[in-house]
Amino acid sequence: MNIATFAAGCFWGIELKFSKMEGVTNTSVGYMGGEIEQPDYKTVCTGQTQHAEVVQIEFNPNIIDYSALLNAFWAMHDPTTLNRQGPDVGTQYRSAIFYHTPEQQHLAEQSKKKLEQSDLLKKPVVTEISPAKTYWPAEEYHQQYLIKRGMGSCGI
């Protein structure tokens with residue numbers, strides 16, 4: 001299995017969307033990109049840790065490739081809003097791709113450039129593309145949050 005990590009606002013909704021994709025074998029939500037160790041939801045929400053809410057995805061590259069995950073990522077959020085998705089505001093809700101390999105970096109940069117050159121968006125893409133750092137799983141109650149509650153989306 002391969003790993004991909006994305007930030008696109010609140011991690012509940014994006015986890016649900018990625019979990020439904022064929023070839024995705026596991027998803028979990030957590031925090032990445034910050035400077036403190038063992039962050040928790042309360043401290044991440046202060047905006048002082050610089051962590052983003054992320055979904056970490058395990059996927060079978062024989063069934064779904066990284067480019068397909070990138071396409072889904074771009075489609076499931078607004079990559080032109082800085083530190084915001086819907087009503088959620090703060091650096092923890094930023095748009096980011098955390099790459100795990102040089103190939104993922106290349107594909108992410110290529111994908112972002114292609115989106116920027118298209119006529120699909122009226123504003124610049126603010127999505128950061130950064131090397132993956134330590135992934136800190138979120139608290140258990142955040143894992144598969146929408147599925148556990150029988151919710152099909154978070155309404156955003």
# chains A, B, ... in the order shown; residues from 1 in each chain; ligands from 1
call {"tool": "residues_around", "arguments": {"residues": "range 80-91 of chain A", "least_positions_apart": "3", "cutoff": "6 Å", "atoms": "only C-alpha atoms", "output": "list in words"}}
result
Gly9, Gly47, Arg94, Lys123, Pro124, Val125 and Val126 of chain A
call {"tool": "select_by_dssp", "arguments": {"residues": "chain A", "states": "helix (DSSP H, G or I)", "output": "PyMOL selection string"}}
result
chain A and resi 11-19+41-44+66-75+91-93+102-117+140-142+145-148
call {"tool": "closest_atom_pairs", "arguments": {"of": "range 12-60 of chain A", "to": "range 71-78 of chain A", "cutoff": "9 Å", "atoms": "only C-alpha atoms", "output": "JSON lines"}}
result
{"residue": "A:Gly13", "atom": "CA", "partner": "A:Met76", "partner_atom": "CA", "distance": 8.9}
{"residue": "A:Ile14", "atom": "CA", "partner": "A:Met76", "partner_atom": "CA", "distance": 7.2}
{"residue": "A:Lys17", "atom": "CA", "partner": "A:Met76", "partner_atom": "CA", "distance": 8.0}
{"residue": "A:Phe18", "atom": "CA", "partner": "A:Ala72", "partner_atom": "CA", "distance": 7.9}
call {"tool": "residues_around", "arguments": {"residues": "Glu58 in chain A", "least_positions_apart": "2", "cutoff": "12 Å", "atoms": "only C-alpha atoms", "output": "PyMOL selection string"}}
result
chain A and resi 1-6+15+18-19+21-29+55-56+60-61+63-66+69+100
call {"tool": "residues_around", "arguments": {"residues": "Gly33 in chain A", "least_positions_apart": "3", "cutoff": "10 Å", "atoms": "only C-alpha atoms", "output": "list in words"}}
result
Ala7, Ile36, Thr49, Gln50, His51, Ala52, Glu53, Val54, Gln92, Ala96, Phe98, Ser130, Pro131, Ala132, Lys133, Thr134, Tyr135 and Trp136 of chain A
call {"tool": "closest_residue", "arguments": {"among": "A:Gln117, A:Ser95, A:Leu16, A:Met32", "to": "Lys148 in chain A", "atoms": "only C-alpha atoms"}}
result
A:Leu16
